[in-house]
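Data block for run.tsv (TSV, C-alpha atoms):
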```
chain	number	residue	atom	x	y	z
A	1	MET	CA	-64.11	7.08	1.76
A	2	GLY	CA	-67.44	8.33	0.60
A	3	LEU	CA	-68.83	11.75	-0.09
A	4	ILE	CA	-68.20	14.13	2.79
A	5	THR	CA	-68.12	17.87	3.23
A	6	PRO	CA	-65.26	19.82	4.82
A	7	ASN	CA	-67.18	20.39	8.05
A	8	ASP	CA	-68.21	16.78	8.67
A	9	PHE	CA	-65.18	15.94	10.80
A	10	GLN	CA	-63.62	18.17	13.40
A	11	SER	CA	-61.18	15.62	14.84
A	12	LEU	CA	-59.05	12.72	13.71
A	13	ARG	CA	-61.06	10.45	16.01
A	14	ALA	CA	-64.30	11.44	14.25
A	15	LEU	CA	-62.66	10.84	10.88
A	16	TYR	CA	-61.37	7.46	12.08
A	17	THR	CA	-64.81	6.45	13.35
A	18	ALA	CA	-66.39	7.43	10.03
A	19	GLN	CA	-63.76	5.39	8.19
A	20	LEU	CA	-64.65	2.35	10.29
A	21	ARG	CA	-68.33	2.87	9.48
A	22	TYR	CA	-67.52	3.04	5.75
A	23	LEU	CA	-65.34	-0.06	6.07
A	24	LEU	CA	-68.21	-1.91	7.72
A	25	SER	CA	-70.45	-0.93	4.82
A	26	THR	CA	-67.75	-2.02	2.39
A	27	GLU	CA	-67.38	-5.43	3.99
A	28	ASN	CA	-71.15	-5.90	4.23
A	29	GLN	CA	-71.51	-5.09	0.52
A	30	ILE	CA	-68.75	-7.58	-0.25
A	31	VAL	CA	-70.45	-10.29	1.80
A	32	ASP	CA	-73.66	-9.60	-0.12
A	33	GLY	CA	-72.01	-9.42	-3.54
A	34	LEU	CA	-69.45	-12.23	-3.53
A	35	PRO	CA	-71.99	-15.07	-3.75
A	36	LYS	CA	-73.16	-13.62	-7.08
A	37	MET	CA	-69.57	-13.39	-8.30
A	38	ILE	CA	-68.99	-17.00	-7.25
A	39	ASP	CA	-72.06	-18.04	-9.23
A	40	HIS	CA	-70.92	-16.12	-12.33
A	41	ALA	CA	-67.26	-17.21	-12.30
A	42	GLU	CA	-66.30	-20.18	-14.45
A	43	GLU	CA	-62.64	-20.77	-13.51
A	44	PRO	CA	-62.50	-23.12	-10.48
A	45	GLN	CA	-59.48	-21.31	-9.03
A	46	LEU	CA	-61.36	-17.99	-9.24
A	47	LYS	CA	-64.47	-19.48	-7.64
A	48	GLN	CA	-62.29	-20.78	-4.80
A	49	ALA	CA	-60.57	-17.42	-4.34
A	50	PHE	CA	-63.95	-15.69	-4.14
A	51	GLN	CA	-65.23	-18.31	-1.68
A	52	SER	CA	-62.18	-17.90	0.54
A	53	HIS	CA	-62.49	-14.13	0.47
A	54	LEU	CA	-66.16	-14.37	1.36
A	55	GLN	CA	-65.21	-16.25	4.53
A	56	GLU	CA	-62.50	-13.67	5.31
A	57	SER	CA	-64.93	-10.82	4.70
A	58	ARG	CA	-67.35	-12.25	7.24
A	59	VAL	CA	-64.53	-12.19	9.78
A	60	HIS	CA	-63.67	-8.63	8.73
A	61	VAL	CA	-67.26	-7.59	9.49
A	62	GLN	CA	-66.92	-8.99	13.00
A	63	ARG	CA	-63.59	-7.24	13.54
A	64	ILE	CA	-64.86	-3.86	12.42
A	65	GLU	CA	-68.01	-4.22	14.50
A	66	LYS	CA	-65.77	-4.85	17.53
A	67	LEU	CA	-63.68	-1.77	16.76
A	68	LEU	CA	-66.76	0.39	16.27
A	69	ILE	CA	-68.30	-0.76	19.52
A	70	ASP	CA	-65.02	0.08	21.22
A	71	VAL	CA	-64.88	3.66	19.86
A	72	LYS	CA	-68.54	4.65	19.69
A	73	GLY	CA	-70.62	2.07	21.53
A	74	ASP	CA	-72.46	0.67	18.51
A	75	ALA	CA	-71.64	-0.88	15.17
A	76	ASP	CA	-73.73	0.90	12.58
A	77	ASP	CA	-72.33	1.28	9.11
A	78	LYS	CA	-72.45	4.23	6.74
A	79	LYS	CA	-73.25	3.34	3.13
A	80	ASP	CA	-70.16	3.69	1.02
A	81	PRO	CA	-71.15	5.14	-2.37
A	82	ILE	CA	-67.73	4.47	-3.90
A	83	LEU	CA	-67.91	0.75	-3.26
A	84	THR	CA	-71.53	0.74	-4.40
A	85	ALA	CA	-70.34	2.10	-7.76
A	86	ILE	CA	-67.56	-0.49	-8.04
A	87	VAL	CA	-70.00	-3.31	-7.25
A	88	GLY	CA	-72.36	-1.89	-9.88
A	89	SER	CA	-69.62	-2.04	-12.49
A	90	GLY	CA	-69.14	-5.73	-11.66
A	91	GLU	CA	-72.85	-6.35	-12.08
A	92	ASN	CA	-72.64	-4.70	-15.50
A	93	ILE	CA	-69.86	-7.08	-16.49
A	94	THR	CA	-72.03	-10.08	-15.71
A	95	LYS	CA	-74.90	-8.59	-17.72
A	96	GLU	CA	-72.78	-7.57	-20.70
A	97	THR	CA	-70.64	-10.70	-21.11
A	98	ASP	CA	-71.38	-14.31	-21.82
A	99	PRO	CA	-70.27	-16.93	-19.31
A	100	GLY	CA	-66.63	-17.85	-19.77
A	101	SER	CA	-63.12	-16.56	-19.54
A	102	VAL	CA	-63.87	-13.01	-20.72
A	103	ARG	CA	-66.41	-12.65	-17.93
A	104	ASP	CA	-63.87	-14.14	-15.49
A	105	ALA	CA	-61.30	-11.52	-16.58
A	106	GLY	CA	-63.87	-8.79	-15.91
A	107	LEU	CA	-64.78	-10.26	-12.52
A	108	ILE	CA	-61.10	-10.37	-11.57
A	109	ALA	CA	-60.71	-6.70	-12.53
A	110	THR	CA	-63.75	-5.74	-10.48
A	111	ALA	CA	-62.54	-7.74	-7.49
A	112	GLN	CA	-59.13	-6.08	-7.72
A	113	LYS	CA	-60.75	-2.63	-7.79
A	114	VAL	CA	-62.49	-3.58	-4.56
A	115	GLU	CA	-59.25	-4.92	-3.05
A	116	HIS	CA	-57.31	-1.78	-3.94
A	117	TYR	CA	-60.02	0.38	-2.41
A	118	GLU	CA	-59.97	-1.73	0.72
A	119	ILE	CA	-56.17	-1.63	0.90
A	120	ALA	CA	-56.22	2.18	0.77
A	121	SER	CA	-59.06	2.39	3.30
A	122	TYR	CA	-57.58	-0.08	5.77
A	123	GLY	CA	-54.15	1.51	5.44
A	124	SER	CA	-55.53	4.93	6.34
A	125	ALA	CA	-57.58	3.55	9.22
A	126	ARG	CA	-54.56	1.67	10.57
A	127	ASP	CA	-52.42	4.82	10.43
A	128	TRP	CA	-55.09	6.87	12.18
A	129	ALA	CA	-55.53	4.22	14.87
A	130	GLU	CA	-51.79	4.26	15.46
A	131	THR	CA	-51.76	8.07	15.70
A	132	LEU	CA	-54.68	7.94	18.13
A	133	GLY	CA	-52.81	5.45	20.32
A	134	LEU	CA	-55.31	2.64	19.68
A	135	THR	CA	-52.76	-0.18	19.72
A	136	GLU	CA	-55.23	-3.07	19.55
A	137	HIS	CA	-57.07	-1.37	16.68
A	138	THR	CA	-53.78	-0.86	14.85
A	139	GLN	CA	-52.96	-4.55	15.12
A	140	ILE	CA	-56.40	-5.71	14.01
A	141	LEU	CA	-56.43	-3.31	11.06
A	142	GLN	CA	-52.92	-4.38	10.04
A	143	GLN	CA	-53.97	-8.03	10.09
A	144	THR	CA	-56.97	-7.23	7.89
A	145	LEU	CA	-54.83	-5.10	5.59
A	146	ASP	CA	-52.41	-8.00	5.17
A	147	GLU	CA	-55.32	-10.29	4.25
A	148	GLU	CA	-56.60	-7.81	1.67
A	149	LYS	CA	-53.13	-7.56	0.11
A	150	HIS	CA	-52.95	-11.35	-0.03
A	151	ALA	CA	-56.33	-11.51	-1.79
A	152	ASP	CA	-55.10	-8.97	-4.34
A	153	ARG	CA	-51.91	-10.96	-5.00
A	154	LEU	CA	-53.97	-14.13	-5.47
A	155	LEU	CA	-56.25	-12.39	-7.97
A	156	THR	CA	-53.19	-11.17	-9.87
A	157	GLU	CA	-51.87	-14.73	-10.05
A	158	ILE	CA	-55.22	-15.99	-11.33
A	159	SER	CA	-55.35	-13.19	-13.91
A	160	HIS	CA	-52.04	-14.37	-15.38
A	161	SER	CA	-53.80	-17.47	-16.69
A	162	ALA	CA	-57.34	-16.08	-17.04
A	163	ASN	CA	-56.47	-13.09	-19.22
A	164	PRO	CA	-54.57	-15.07	-21.91
A	165	LYS	CA	-57.38	-17.60	-21.94
A	166	ALA	CA	-59.89	-14.77	-22.46
A	167	GLN	CA	-57.75	-13.46	-25.31
A	168	ARG	CA	-57.59	-16.90	-26.97
A	169	GLU	CA	-61.36	-17.34	-26.65
A	170	SER	CA	-61.91	-13.83	-28.04
A	171	ARG	CA	-59.84	-14.67	-31.13
A	172	SER	CA	-61.68	-17.92	-31.74
A	173	THR	CA	-65.05	-16.19	-31.35
A	174	ALA	CA	-64.02	-13.37	-33.71
A	175	ALA	CA	-62.74	-15.86	-36.29
A	176	ALA	CA	-65.97	-17.85	-36.26
```

Could I get this file's structure written as structure tokens?
Amino acid sequence: MGLITPNDFQSLRALYTAQLRYLLSTENQIVDGLPKMIDHAEEPQLKQAFQSHLQESRVHVQRIEKLLIDVKGDADDKKDPILTAIVGSGENITKETDPGSVRDAGLIATAQKVEHYEIASYGSARDWAETLGLTEHTQILQQTLDEEKHADRLLTEISHSANPKAQRESRSTAAA
């Protein structure tokens, strides 16, 4: 969730609100970063998955903004240093690999790291919303969580063809 100290949150509601702010930052970073990943991906199926998730992420931003306005009156985000680090590792992959299937395999891994982080974050937020009696929030967060899980499953499916292709290309490059 970001770097916090033990005294930052004195109530579950404050913790929940902070989680929403981190999630908004997460989604905003994804909206900013996915176009670069789309540009760097070679596999058409991967490009399409990234494009679809970009559209979903824009909707996720709107949903979280709505939830934040509901609980605190505004929709400001709080920079999420964990996601910033994950995005940075993806940028390193594009710098350190040539275009092709090896880069695609690295982009898939980075995207799945993001998805897993989002799944954990949305799952916690959903549980806290439920505990706080925020029924509409719980439903919205569950819907978003389901979409994140679907994106992760799709990336896994794509990796089943992308990873062997990357291995084949690695062998042919090493043999040359």

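Using all atoms listed in the file, the shortest contact distance between A:Asp146 and any of A:Trp128, A:Tyr16, A:Tyr122, A:Tyr117 is found at A:Tyr122.
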
Inset, instruction - For atom CA of A:Gly106 and atom CA of A:Lys78, determine how far apart the two atoms are, in Å to one decimal place. - result: 27.5 Å

Legend entry - Pairwise distance for atom CA of A:Leu154 and atom CA of A:Asp39, rounded to one decimal in Å: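 Computing the Euclidean distance for atom CA of A:Leu154 and atom CA of A:Asp39 yields 18.9 Å.
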
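One distance worth recording is that between atom CA of A:Leu20 and atom CA of A:Ala75, which is 9.1 Å.
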
Inset, instruction - Might you pull out every residue within 12 Å of A:Ser124, with all atoms listed in the file counted and same-chain residues fewer than 6 positions away left off, and present them as a ChimeraX atom specification? - result: /A:1,12,15-20,23,117-118,130-131,138,141-142,145

Inset, instruction - Could you give me, as a ChimeraX atom specification, the residues within 8 Å of stretch 162-164 of chain A, counting only C-alpha atoms and dropping anything in the same chain fewer than 3 positions from it? - result: /A:43,101-102,104-105,158-159,167-168

Inset, instruction - Kindly indicate which residue among A:Met37, A:Ala49, A:Leu107, A:Val31 lies nearest to A:Gln62, using all atoms listed in the file for the distances. - result: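 Nearest to A:Gln62: A:Val31.
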
Padding 5 Å on every side, please: axis-aligned box over the listed atoms of stretch 23-32 of chain A, centre and edge lengths to one decimal in Å, as lines of an AutoDock Vina configuration file.
```
center_x = -69.5
center_y = -5.2
center_z = 3.7
size_x = 18.3
size_y = 20.2
size_z = 18.0
```

Legend entry - Neighbour residues at most 12 Å from (-71.4, -18.6, -9.7) (all atoms listed in the file) as a ChimeraX atom specification: /A:33-44,46-48,50-51,94,99-100,103-104,107

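Ranking A:Asp80, A:Gln45, A:Asp98, A:Ser52 by their shortest atom-to-atom distance to A:Ser161, with all atoms listed in the file included, puts A:Gln45 first.
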
Inset, instruction - Using only C-alpha atoms, find the one residue out of A:Asp74, A:Arg13, A:Ile30, A:Glu136 that sits nearest to A:His53. - result: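 Among A:Asp74, A:Arg13, A:Ile30, A:Glu136, it is A:Ile30 that comes nearest to A:His53.
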
Legend entry - Point (-63.9, -2.2, -8.0) neighbourhood (9 Å, only C-alpha atoms) written as an NGL selection string: :A and (82-90 or 109-117)

Inset, instruction - Using only C-alpha atoms, pick whichever of A:Ile119, A:Leu134, A:Ile69, A:Ile64 has the shortest atom-to-atom distance to A:His150. - result: A:Ile119

Legend entry - Using only C-alpha atoms: which of A:Thr97, A:Glu56, A:Gln10, A:Gly73 has the shortest distance to A:Ala166: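 The closest residue to A:Ala166 is A:Thr97.
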
Missing atoms in stretch 108-122 of chain A should be modelled up to N, CA and C atoms and reported as a PDB file, in the frame of the given file.
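out.pdb was written with the following content:
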```
ATOM      1  N   ILE A 108     -62.387 -10.561 -12.252  1.00  0.00           N
ATOM      2  CA  ILE A 108     -61.100 -10.370 -11.570  1.00  0.00           C
ATOM      3  C   ILE A 108     -60.788  -8.878 -11.456  1.00  0.00           C
ATOM      4  N   ALA A 109     -60.984  -8.146 -12.548  1.00  0.00           N
ATOM      5  CA  ALA A 109     -60.710  -6.700 -12.530  1.00  0.00           C
ATOM      6  C   ALA A 109     -61.581  -5.994 -11.505  1.00  0.00           C
ATOM      7  N   THR A 110     -62.851  -6.356 -11.458  1.00  0.00           N
ATOM      8  CA  THR A 110     -63.750  -5.740 -10.480  1.00  0.00           C
ATOM      9  C   THR A 110     -63.309  -6.071  -9.066  1.00  0.00           C
ATOM     10  N   ALA A 111     -62.975  -7.331  -8.827  1.00  0.00           N
ATOM     11  CA  ALA A 111     -62.540  -7.740  -7.490  1.00  0.00           C
ATOM     12  C   ALA A 111     -61.262  -7.006  -7.094  1.00  0.00           C
ATOM     13  N   GLN A 112     -60.361  -6.794  -8.053  1.00  0.00           N
ATOM     14  CA  GLN A 112     -59.130  -6.080  -7.720  1.00  0.00           C
ATOM     15  C   GLN A 112     -59.399  -4.601  -7.445  1.00  0.00           C
ATOM     16  N   LYS A 113     -60.361  -4.010  -8.116  1.00  0.00           N
ATOM     17  CA  LYS A 113     -60.750  -2.630  -7.790  1.00  0.00           C
ATOM     18  C   LYS A 113     -61.207  -2.555  -6.335  1.00  0.00           C
ATOM     19  N   VAL A 114     -62.009  -3.526  -5.939  1.00  0.00           N
ATOM     20  CA  VAL A 114     -62.490  -3.580  -4.560  1.00  0.00           C
ATOM     21  C   VAL A 114     -61.309  -3.740  -3.607  1.00  0.00           C
ATOM     22  N   GLU A 115     -60.409  -4.678  -3.924  1.00  0.00           N
ATOM     23  CA  GLU A 115     -59.250  -4.920  -3.050  1.00  0.00           C
ATOM     24  C   GLU A 115     -58.393  -3.667  -2.913  1.00  0.00           C
ATOM     25  N   HIS A 116     -58.152  -2.978  -4.006  1.00  0.00           N
ATOM     26  CA  HIS A 116     -57.310  -1.780  -3.940  1.00  0.00           C
ATOM     27  C   HIS A 116     -57.976  -0.696  -3.108  1.00  0.00           C
ATOM     28  N   TYR A 117     -59.277  -0.576  -3.235  1.00  0.00           N
ATOM     29  CA  TYR A 117     -60.020   0.380  -2.410  1.00  0.00           C
ATOM     30  C   TYR A 117     -59.927   0.006  -0.935  1.00  0.00           C
ATOM     31  N   GLU A 118     -60.079  -1.279  -0.667  1.00  0.00           N
ATOM     32  CA  GLU A 118     -59.970  -1.730   0.720  1.00  0.00           C
ATOM     33  C   GLU A 118     -58.555  -1.523   1.261  1.00  0.00           C
ATOM     34  N   ILE A 119     -57.554  -1.807   0.462  1.00  0.00           N
ATOM     35  CA  ILE A 119     -56.170  -1.630   0.900  1.00  0.00           C
ATOM     36  C   ILE A 119     -55.930  -0.163   1.286  1.00  0.00           C
ATOM     37  N   ALA A 120     -56.379   0.750   0.460  1.00  0.00           N
ATOM     38  CA  ALA A 120     -56.220   2.180   0.770  1.00  0.00           C
ATOM     39  C   ALA A 120     -56.999   2.548   2.042  1.00  0.00           C
ATOM     40  N   SER A 121     -58.212   2.046   2.157  1.00  0.00           N
ATOM     41  CA  SER A 121     -59.060   2.390   3.300  1.00  0.00           C
ATOM     42  C   SER A 121     -58.524   1.802   4.605  1.00  0.00           C
ATOM     43  N   TYR A 122     -58.136   0.536   4.570  1.00  0.00           N
ATOM     44  CA  TYR A 122     -57.580  -0.080   5.770  1.00  0.00           C
ATOM     45  C   TYR A 122     -56.237   0.530   6.146  1.00  0.00           C
TER      46      TYR A 122
END
```
